[in-house]
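Chemist: So here's data.tsv, just TSV, C-alpha atoms:
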```tsv
chain	number	residue	atom	x	y	z
Q	1	MET	CA	-7.35	23.95	-0.02
Q	2	ASN	CA	-8.69	20.38	0.06
Q	3	ILE	CA	-5.97	17.73	-0.28
Q	4	LEU	CA	-6.25	13.96	-0.65
Q	5	GLY	CA	-3.34	11.55	-0.44
Q	6	ILE	CA	-4.58	8.17	-1.64
Q	7	ASP	CA	-2.58	4.93	-1.62
Q	8	ILE	CA	-4.57	2.26	-3.46
Q	9	GLY	CA	-2.69	-0.89	-2.53
Q	10	TYR	CA	-3.23	-4.53	-3.37
Q	11	SER	CA	-4.07	-5.29	0.26
Q	12	ASN	CA	-5.25	-2.01	1.80
Q	13	LEU	CA	-6.71	1.32	0.77
Q	14	LYS	CA	-4.99	4.10	2.73
Q	15	LEU	CA	-6.11	7.72	2.85
Q	16	ALA	CA	-4.76	10.96	4.28
Q	17	TYR	CA	-7.07	13.92	3.72
Q	18	GLY	CA	-8.01	17.36	4.95
Q	19	ASN	CA	-7.42	21.05	4.50
Q	20	LYS	CA	-3.97	22.57	4.06
Q	21	GLY	CA	-2.73	24.02	7.33
Q	22	ALA	CA	-4.16	21.26	9.50
Q	23	SER	CA	-2.99	17.73	10.27
Q	24	PRO	CA	-4.39	15.15	7.83
Q	25	THR	CA	-6.98	12.59	8.86
Q	26	THR	CA	-5.95	9.00	8.06
Q	27	LEU	CA	-8.16	6.06	7.25
Q	28	LEU	CA	-7.58	2.45	6.25
Q	29	ARG	CA	-9.89	-0.04	4.58
Q	30	PRO	CA	-9.19	-3.47	3.08
Q	31	ALA	CA	-8.61	-3.34	-0.68
Q	32	GLY	CA	-11.31	-5.77	-1.73
Q	33	ALA	CA	-13.73	-4.51	-4.41
Q	34	ALA	CA	-16.11	-6.33	-6.75
Q	35	PRO	CA	-19.54	-5.97	-8.37
Q	36	THR	CA	-22.37	-5.98	-5.85
Q	37	ASP	CA	-23.85	-9.23	-7.17
Q	38	ARG	CA	-20.66	-11.10	-6.17
Q	39	PHE	CA	-21.40	-10.67	-2.45
Q	40	SER	CA	-23.75	-12.86	-0.44
Q	41	SER	CA	-26.21	-11.59	2.15
Q	42	ARG	CA	-26.10	-12.24	5.90
Q	43	PHE	CA	-27.94	-15.31	7.16
Q	44	ASP	CA	-30.05	-13.12	9.49
Q	45	GLY	CA	-31.17	-10.86	6.65
Q	46	LYS	CA	-29.53	-7.73	8.08
Q	47	ALA	CA	-27.53	-5.34	5.92
Q	48	GLN	CA	-23.75	-5.73	5.81
Q	49	ASP	CA	-22.66	-2.73	7.87
Q	50	ASP	CA	-19.08	-2.73	6.55
Q	51	PHE	CA	-20.05	-2.55	2.87
Q	52	LEU	CA	-19.16	0.66	1.04
Q	53	HIS	CA	-21.35	1.10	-2.03
Q	54	VAL	CA	-19.93	2.90	-5.08
Q	55	GLN	CA	-20.38	2.67	-8.81
Q	56	VAL	CA	-17.97	2.15	-11.71
Q	57	ASN	CA	-19.21	3.21	-15.13
Q	58	GLY	CA	-22.75	3.00	-13.79
Q	59	GLU	CA	-22.32	-0.54	-12.39
Q	60	PRO	CA	-22.81	-0.99	-8.63
Q	61	PHE	CA	-19.71	-2.13	-6.74
Q	62	ILE	CA	-18.88	-2.88	-3.12
Q	63	ALA	CA	-15.44	-1.71	-2.03
Q	64	GLY	CA	-13.26	-1.48	1.04
Q	65	VAL	CA	-13.82	-5.04	2.28
Q	66	ALA	CA	-11.57	-8.06	2.67
Q	67	PRO	CA	-10.78	-9.50	-0.79
Q	68	ASP	CA	-12.06	-12.97	0.12
Q	69	ARG	CA	-15.58	-11.66	0.77
Q	70	ALA	CA	-16.43	-11.64	-2.94
Q	71	GLU	CA	-17.53	-14.83	-4.70
Q	72	LEU	CA	-16.45	-15.78	-8.24
Q	73	TRP	CA	-14.19	-12.74	-8.37
Q	74	SER	CA	-10.39	-12.80	-8.38
Q	75	ARG	CA	-8.31	-10.02	-6.85
Q	76	SER	CA	-5.89	-8.28	-9.17
Q	77	LEU	CA	-2.27	-9.22	-8.49
Q	78	HIS	CA	-0.58	-7.94	-11.61
Q	79	ALA	CA	1.13	-4.83	-12.96
Q	80	ASP	CA	-2.05	-3.63	-14.72
Q	81	TYR	CA	-3.94	-3.37	-11.42
Q	82	ALA	CA	-4.48	0.36	-11.96
Q	83	SER	CA	-6.52	-0.36	-15.09
Q	84	SER	CA	-8.87	-2.80	-13.34
Q	85	ALA	CA	-12.46	-2.16	-12.30
Q	86	SER	CA	-11.56	-3.01	-8.69
Q	87	TYR	CA	-8.93	-0.25	-8.64
Q	88	GLN	CA	-11.46	2.22	-10.00
Q	89	ALA	CA	-13.98	1.14	-7.36
Q	90	LEU	CA	-11.40	1.67	-4.61
Q	91	PHE	CA	-10.55	5.07	-6.06
Q	92	HIS	CA	-14.23	6.04	-5.89
Q	93	ALA	CA	-14.39	4.63	-2.35
Q	94	GLY	CA	-11.48	6.87	-1.38
Q	95	LEU	CA	-13.20	9.92	-2.84
Q	96	LEU	CA	-16.37	9.03	-0.95
Q	97	LEU	CA	-14.58	8.44	2.37
Q	98	SER	CA	-12.78	11.79	2.12
Q	99	GLU	CA	-16.18	13.46	2.64
Q	100	MET	CA	-15.16	16.23	0.24
Q	101	GLU	CA	-17.13	17.27	-2.85
Q	102	HIS	CA	-14.20	19.22	-4.30
Q	103	ILE	CA	-10.54	18.18	-4.08
Q	104	ASP	CA	-8.00	20.80	-5.12
Q	105	ILE	CA	-5.03	18.42	-5.32
Q	106	LEU	CA	-4.94	14.63	-5.21
Q	107	VAL	CA	-1.57	12.89	-4.85
Q	108	THR	CA	-1.06	9.17	-5.38
Q	109	GLY	CA	1.82	6.83	-6.14
Q	110	LEU	CA	2.95	3.98	-8.36
Q	111	PRO	CA	5.52	1.23	-7.85
Q	112	VAL	CA	8.93	2.50	-8.95
Q	113	THR	CA	9.18	0.53	-12.20
Q	114	GLN	CA	5.65	1.58	-13.16
Q	115	TYR	CA	6.33	5.22	-12.24
Q	116	LEU	CA	9.27	5.28	-14.63
Q	117	ASP	CA	6.81	4.51	-17.46
Q	118	GLU	CA	5.58	7.97	-18.47
Q	119	GLY	CA	2.58	6.44	-20.23
Q	120	ARG	CA	1.35	4.81	-17.02
Q	121	ARG	CA	1.64	8.08	-15.11
Q	122	LYS	CA	-0.33	9.85	-17.82
Q	123	VAL	CA	-3.11	7.24	-17.78
Q	124	ILE	CA	-3.47	7.43	-13.99
Q	125	THR	CA	-3.58	11.23	-14.07
Q	126	GLU	CA	-6.20	11.33	-16.80
Q	127	LYS	CA	-8.35	8.78	-14.95
Q	128	MET	CA	-8.27	10.62	-11.65
Q	129	VAL	CA	-8.68	14.24	-12.70
Q	130	GLY	CA	-12.16	15.65	-13.37
Q	131	ASN	CA	-15.67	14.93	-12.13
Q	132	HIS	CA	-16.46	11.44	-10.77
Q	133	GLN	CA	-19.94	10.03	-10.19
Q	134	VAL	CA	-19.05	7.84	-7.21
Q	135	THR	CA	-22.64	6.94	-6.30
Q	136	PRO	CA	-25.96	7.63	-8.08
Q	137	LYS	CA	-26.47	10.75	-5.95
Q	138	ARG	CA	-22.94	11.92	-5.16
Q	139	SER	CA	-20.16	13.25	-7.35
Q	140	VAL	CA	-16.65	14.46	-6.48
Q	141	THR	CA	-14.52	16.82	-8.55
Q	142	VAL	CA	-10.72	16.48	-8.59
Q	143	LYS	CA	-9.06	19.62	-9.90
Q	144	ALA	CA	-5.43	18.42	-10.15
Q	145	VAL	CA	-3.54	15.12	-9.79
Q	146	LYS	CA	0.12	14.40	-9.10
Q	147	VAL	CA	1.69	10.92	-9.31
Q	148	ILE	CA	4.97	10.15	-7.51
Q	149	PRO	CA	6.99	6.97	-6.76
Q	150	GLN	CA	5.37	5.26	-3.79
Q	151	PRO	CA	8.42	5.20	-1.47
Q	152	VAL	CA	8.83	8.96	-1.90
Q	153	GLY	CA	5.62	9.31	0.08
Q	154	GLY	CA	7.23	7.48	3.00
Q	155	PHE	CA	10.28	9.73	2.74
Q	156	LEU	CA	8.16	12.88	2.89
Q	157	ASP	CA	6.27	11.50	5.88
Q	158	PHE	CA	9.58	10.82	7.64
Q	159	ILE	CA	10.73	14.40	7.04
Q	160	ALA	CA	7.40	15.74	8.32
Q	161	GLY	CA	8.07	13.93	11.60
Q	162	GLY	CA	10.64	16.62	12.35
Q	163	ASP	CA	13.48	14.38	13.59
Q	164	ALA	CA	15.09	13.51	10.26
Q	165	ASP	CA	18.56	14.89	9.55
Q	166	VAL	CA	18.52	14.22	5.81
Q	167	GLU	CA	19.40	17.58	4.28
Q	168	ASP	CA	22.71	16.39	2.81
Q	169	ALA	CA	22.23	12.62	3.27
Q	170	ARG	CA	21.78	9.79	0.79
Q	171	VAL	CA	18.66	8.03	1.99
Q	172	LEU	CA	17.58	4.55	0.93
Q	173	VAL	CA	13.81	4.23	1.29
Q	174	ILE	CA	12.41	0.67	1.23
Q	175	ASP	CA	8.66	0.19	0.90
Q	176	PRO	CA	7.43	-3.42	1.26
Q	177	GLY	CA	3.90	-3.70	-0.08
Q	178	PHE	CA	1.62	-6.67	-0.74
Q	179	PHE	CA	2.41	-6.99	-4.46
Q	180	SER	CA	5.88	-5.47	-4.65
Q	181	VAL	CA	8.77	-4.16	-2.61
Q	182	ASP	CA	9.91	-0.79	-3.93
Q	183	TRP	CA	13.00	1.18	-3.08
Q	184	VAL	CA	14.47	4.53	-4.01
Q	185	VAL	CA	17.68	6.40	-3.26
Q	186	ILE	CA	17.14	10.11	-2.57
Q	187	ALA	CA	19.96	12.64	-2.22
Q	188	GLU	CA	19.34	16.37	-1.87
Q	189	SER	CA	15.78	15.94	-3.15
Q	190	ASP	CA	16.99	14.11	-6.28
Q	191	LEU	CA	15.68	10.64	-7.10
Q	192	HIS	CA	18.51	8.37	-8.25
Q	193	ARG	CA	16.64	6.27	-10.80
Q	194	GLN	CA	19.52	3.93	-11.58
Q	195	SER	CA	19.64	2.80	-7.94
Q	196	SER	CA	15.88	2.48	-7.48
Q	197	GLY	CA	13.76	-0.51	-8.31
Q	198	THR	CA	11.01	-3.04	-7.62
Q	199	SER	CA	10.95	-6.67	-6.50
Q	200	LEU	CA	7.89	-8.93	-6.63
Q	201	GLU	CA	9.15	-10.98	-3.65
Q	202	ALA	CA	6.75	-8.99	-1.50
Q	203	SER	CA	4.42	-9.47	1.46
Q	204	SER	CA	2.12	-11.73	-0.54
Q	205	VAL	CA	5.04	-14.12	-1.08
Q	206	VAL	CA	5.81	-14.08	2.66
Q	207	LEU	CA	2.20	-15.02	3.41
Q	208	GLU	CA	2.21	-17.75	0.76
Q	209	GLU	CA	5.32	-19.26	2.34
Q	210	ALA	CA	3.78	-18.99	5.83
Q	211	SER	CA	0.67	-20.77	4.53
Q	212	ARG	CA	2.83	-23.58	3.13
Q	213	LEU	CA	4.66	-23.96	6.44
Q	214	ILE	CA	1.40	-24.10	8.41
Q	215	ALA	CA	0.05	-26.77	6.06
Q	216	LYS	CA	3.22	-28.82	6.52
Q	217	ASP	CA	2.89	-28.77	10.33
Q	218	HIS	CA	-0.88	-28.88	10.79
Q	219	GLY	CA	-2.17	-30.79	7.77
Q	220	SER	CA	-4.30	-28.11	6.13
Q	221	ASN	CA	-3.61	-25.07	4.01
Q	222	VAL	CA	-4.57	-21.58	5.20
Q	223	SER	CA	-5.34	-19.04	2.49
Q	224	THR	CA	-3.16	-15.96	2.22
Q	225	GLU	CA	-6.36	-13.90	2.55
Q	226	LYS	CA	-7.09	-15.51	5.93
Q	227	LEU	CA	-3.56	-14.72	7.12
Q	228	GLU	CA	-3.82	-11.22	5.67
Q	229	ASN	CA	-7.12	-10.58	7.48
Q	230	ALA	CA	-5.70	-11.85	10.77
Q	231	ILE	CA	-2.68	-9.54	10.57
Q	232	ARG	CA	-4.81	-6.57	9.50
Q	233	ASN	CA	-7.11	-7.12	12.51
Q	234	GLY	CA	-4.25	-7.60	14.98
Q	235	LYS	CA	-4.97	-11.28	15.66
Q	236	SER	CA	-2.13	-13.47	16.86
Q	237	ASP	CA	-3.52	-16.80	15.64
Q	238	VAL	CA	-5.73	-18.49	13.05
Q	239	LEU	CA	-8.04	-21.49	13.27
Q	240	VAL	CA	-6.73	-24.58	11.44
Q	241	LEU	CA	-8.83	-27.76	11.58
Q	242	GLY	CA	-10.39	-26.67	14.87
Q	243	GLN	CA	-7.14	-25.69	16.56
Q	244	ARG	CA	-5.66	-22.24	17.16
Q	245	VAL	CA	-2.27	-21.82	15.52
Q	246	GLU	CA	0.09	-19.00	16.50
Q	247	LEU	CA	1.06	-16.92	13.47
Q	248	SER	CA	4.32	-15.29	14.55
Q	249	PRO	CA	6.63	-18.35	14.28
Q	250	TYR	CA	5.47	-19.02	10.71
Q	251	ILE	CA	5.62	-15.37	9.63
Q	252	GLU	CA	9.14	-15.08	11.04
Q	253	GLN	CA	10.29	-18.28	9.32
Q	254	ALA	CA	8.75	-17.19	6.01
Q	255	SER	CA	10.32	-13.73	6.31
Q	256	ARG	CA	13.76	-15.26	6.88
Q	257	LYS	CA	13.40	-17.10	3.57
Q	258	VAL	CA	11.89	-14.34	1.40
Q	259	ALA	CA	13.35	-11.08	2.71
Q	260	PRO	CA	17.03	-11.81	1.96
Q	261	VAL	CA	16.16	-12.29	-1.72
Q	262	VAL	CA	14.79	-8.74	-1.84
Q	263	VAL	CA	17.68	-7.29	0.12
Q	264	GLU	CA	20.14	-8.88	-2.33
Q	265	SER	CA	18.40	-7.09	-5.21
Q	266	ILE	CA	18.58	-3.78	-3.31
Q	267	GLN	CA	22.28	-4.20	-2.58
Q	268	LYS	CA	23.00	-4.97	-6.24
Q	269	SER	CA	21.23	-1.77	-7.33
Q	270	LEU	CA	23.29	0.27	-4.86
Q	271	ARG	CA	26.51	-0.71	-6.64
Q	272	LYS	CA	25.65	1.99	-9.18
Q	273	GLU	CA	25.97	4.65	-6.47
Q	274	SER	CA	29.25	6.59	-6.27
Q	275	GLU	CA	28.89	6.86	-2.48
Q	276	SER	CA	27.37	4.71	0.24
Q	277	VAL	CA	23.93	5.54	1.63
Q	278	ASP	CA	23.81	7.41	4.95
Q	279	ARG	CA	20.32	6.51	6.14
Q	280	VAL	CA	17.93	3.60	5.64
Q	281	LEU	CA	14.20	4.19	5.99
Q	282	LEU	CA	11.70	1.32	6.06
Q	283	VAL	CA	8.05	2.22	5.43
Q	284	GLY	CA	4.83	0.53	4.34
Q	285	GLY	CA	2.46	-2.11	5.65
Q	286	GLY	CA	4.94	-4.97	5.21
Q	287	ALA	CA	7.83	-3.24	7.00
Q	288	THR	CA	7.96	-5.73	9.89
Q	289	PHE	CA	8.37	-8.69	7.51
Q	290	PHE	CA	11.63	-7.25	6.14
Q	291	GLN	CA	13.06	-5.35	9.10
Q	292	ASN	CA	15.53	-7.99	10.33
Q	293	ALA	CA	16.92	-8.70	6.85
Q	294	VAL	CA	17.36	-5.00	6.11
Q	295	ALA	CA	19.08	-4.40	9.46
Q	296	ALA	CA	21.45	-7.31	8.82
Q	297	ALA	CA	22.31	-5.96	5.36
Q	298	PHE	CA	23.22	-2.51	6.71
Q	299	PRO	CA	24.80	-3.24	10.11
Q	300	GLN	CA	26.59	0.10	10.31
Q	301	LEU	CA	23.40	2.09	9.81
Q	302	SER	CA	20.29	2.39	11.93
Q	303	VAL	CA	17.13	1.38	10.14
Q	304	ALA	CA	14.51	4.04	10.84
Q	305	THR	CA	10.78	3.79	10.35
Q	306	THR	CA	7.79	6.06	10.75
Q	307	LYS	CA	4.90	5.99	13.17
Q	308	ASP	CA	2.16	3.71	11.82
Q	309	PRO	CA	4.21	2.83	8.70
Q	310	VAL	CA	1.15	1.45	6.91
Q	311	PHE	CA	0.04	5.10	6.50
Q	312	SER	CA	3.49	6.46	5.57
Q	313	ASN	CA	2.94	6.78	1.83
Q	314	ALA	CA	-0.57	8.23	2.10
Q	315	ARG	CA	0.54	10.82	4.66
Q	316	GLY	CA	3.56	11.69	2.53
Q	317	PHE	CA	1.31	12.10	-0.50
Q	318	TRP	CA	-0.78	14.55	1.51
Q	319	PHE	CA	2.31	16.50	2.58
Q	320	MET	CA	3.38	16.66	-1.06
Q	321	GLY	CA	-0.02	18.10	-1.97
Q	322	ALA	CA	0.22	20.65	0.85
Q	323	SER	CA	3.60	21.84	-0.47
Q	324	LEU	CA	2.30	22.61	-3.96
```
Since I need it in another form, could you write the structure as structure tokens?
Modeler:
Amino acid sequence: MNILGIDIGYSNLKLAYGNKGASPTTLLRPAGAAPTDRFSSRFDGKAQDDFLHVQVNGEPFIAGVAPDRAELWSRSLHADYASSASYQALFHAGLLLSEMEHIDILVTGLPVTQYLDEGRRKVITEKMVGNHQVTPKRSVTVKAVKVIPQPVGGFLDFIAGGDADVEDARVLVIDPGFFSVDWVVIAESDLHRQSSGTSLEASSVVLEEASRLIAKDHGSNVSTEKLENAIRNGKSDVLVLGQRVELSPYIEQASRKVAPVVVESIQKSLRKESESVDRVLLVGGGATFFQNAVAAAFPQLSVATTKDPVFSNARGFWFMGASL
């Protein structure tokens, strides 16, 4: 059975794919996508080797590149992202990268507040199921689609790691993404909706604050996309007016300002719980930005995370598909 777990984020496209019974293959690409005519050519005339060519409603798109590569095209940072052409292009890119012509079950996720909207879940399912012409010469058929809250993917990935004693525990799962920070409380496989939620004080806000701090010290603004690209590529510094500037002090300072706002919202939502949580799990690509604030908020509990947390949701989506 062919399974695809696909996490179409605002910053990265994450995939976990493969046959049931084997370990999934994971893959990450930047979440930039725009019509082909919005991209410039190389000065030496050579083809851009990192471009992934797909089509959306017959229109050629390039997907899976850094968002700032496109000209006269704005990335989608709003709740209707899933209805955008860029999202559809990234979905087709994920189908293409899976190297499968037929997918038996595709599992994806939505931010918690969006997941609670049954209409949104229905729209996503209807868009993803069926036959998709991803390039002029290649189509991919998706037989079935399941949509779950994004942090649940991280929870399932944690369980799959084999060292999680969560059978009778109340687990708080916190998933910091680029657009939103989502959290859920799970107890005995039940999702406690009243204690789950979403905050928009997410990784993008941390990067915006870091950019402001860099401008204050060094006299020039650095775009959030430039900071985002540096972190994605494992770089420790960025070039500002000809000088190399270390990122970590500014990211840490920005995190200290933004993260406590999110943690306060999480703690308020937990007041609706009849019992305290037993475990805290931090997943997602922005986990490091929020780790210190989360640990300080729950000093009596250890804050666990998964290996390569940027892939946590996608792997968990795959495990969900394998269990069906």
Chemist: For Ser40 of chain Q, which residue out of Q:Val54, Q:Ile62, Q:Ala82, Q:Val263 is the nearest one, using all atoms listed in the file?
Modeler: Q:Ile62
Chemist: Could you check which of Q:Pro136, Q:Gly321, Q:Gly284, Q:Gly242 is closest to Lys307 of chain Q, using all atoms listed in the file?
Modeler: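 The closest residue to Lys307 of chain Q is Q:Gly284.
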Chemist: I'd like to know which of Q:Val283, Q:Val294, Q:Val134, Q:Ile6 is closest to Phe61 of chain Q, using only C-alpha atoms.
Modeler: Q:Val134
Chemist: Out of Q:Ser98, Q:Thr125, Q:Ser84, Q:Gln133, which residue has the shortest atom-to-atom distance to Asn57 of chain Q when counting all atoms listed in the file?
Modeler: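 Among Q:Ser98, Q:Thr125, Q:Ser84, Q:Gln133, it is Q:Gln133 that comes nearest to Asn57 of chain Q.
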Chemist: Let me make sure I understand: among Q:Val123, Q:Leu72, Q:Ala89, Q:Val112, which one has the smallest atom-to-atom distance to His53 of chain Q if we use only C-alpha atoms?
Modeler: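 With only C-alpha atoms as the atom set, the closest residue is Q:Ala89.
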Chemist: Nearest to Pro67 of chain Q among Q:Ser211, Q:Ser223, Q:Thr26, Q:Thr108, with distances taken over all atoms listed in the file: which residue is it?
Modeler: Q:Ser223
Chemist: One decimal, in Å: what's the spacing between atom CA of Glu201 of chain Q and atom CA of Arg75 of chain Q?
Modeler: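 A separation of 17.8 Å between them.
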Chemist: I want to know what sits within 12 Å of Lys235 of chain Q, based on only C-alpha atoms, with residues of the same chain fewer than 2 positions away left out; could you give that as a VMD selection string?
Modeler: chain Q and resid 226 to 233 237 to 239 244 to 248
Chemist: Provide the atom CA of Ser199 of chain Q to atom CA of Val181 of chain Q distance in Å, to one decimal place.
Modeler: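 Separation of atom CA of Ser199 of chain Q and atom CA of Val181 of chain Q: 5.1 Å.
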Chemist: Please identify all polymer residues within 10 Å of Lys272 of chain Q, counting only C-alpha atoms, omitting same-chain residues fewer than 4 positions from it, and present them as a PDB file with C-alpha atoms, in the frame of the given file.
Modeler:
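Below you can see around17.pdb, which holds the result:
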```pdb
ATOM      1  CA  HIS Q 192      18.510   8.370  -8.250  1.00  0.00           C
ATOM      2  CA  GLN Q 194      19.520   3.930 -11.580  1.00  0.00           C
ATOM      3  CA  SER Q 195      19.640   2.800  -7.940  1.00  0.00           C
ATOM      4  CA  SER Q 196      15.880   2.480  -7.480  1.00  0.00           C
ATOM      5  CA  GLN Q 267      22.280  -4.200  -2.580  1.00  0.00           C
ATOM      6  CA  LYS Q 268      23.000  -4.970  -6.240  1.00  0.00           C
ATOM      7  CA  SER Q 276      27.370   4.710   0.240  1.00  0.00           C
TER       8      SER Q 276
END
```
Chemist: Separation of atom CA of Met100 of chain Q and atom CA of Leu4 of chain Q, in Å?
Modeler: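 Going from atom CA of Met100 of chain Q over to atom CA of Leu4 of chain Q, I get 9.2 Å.
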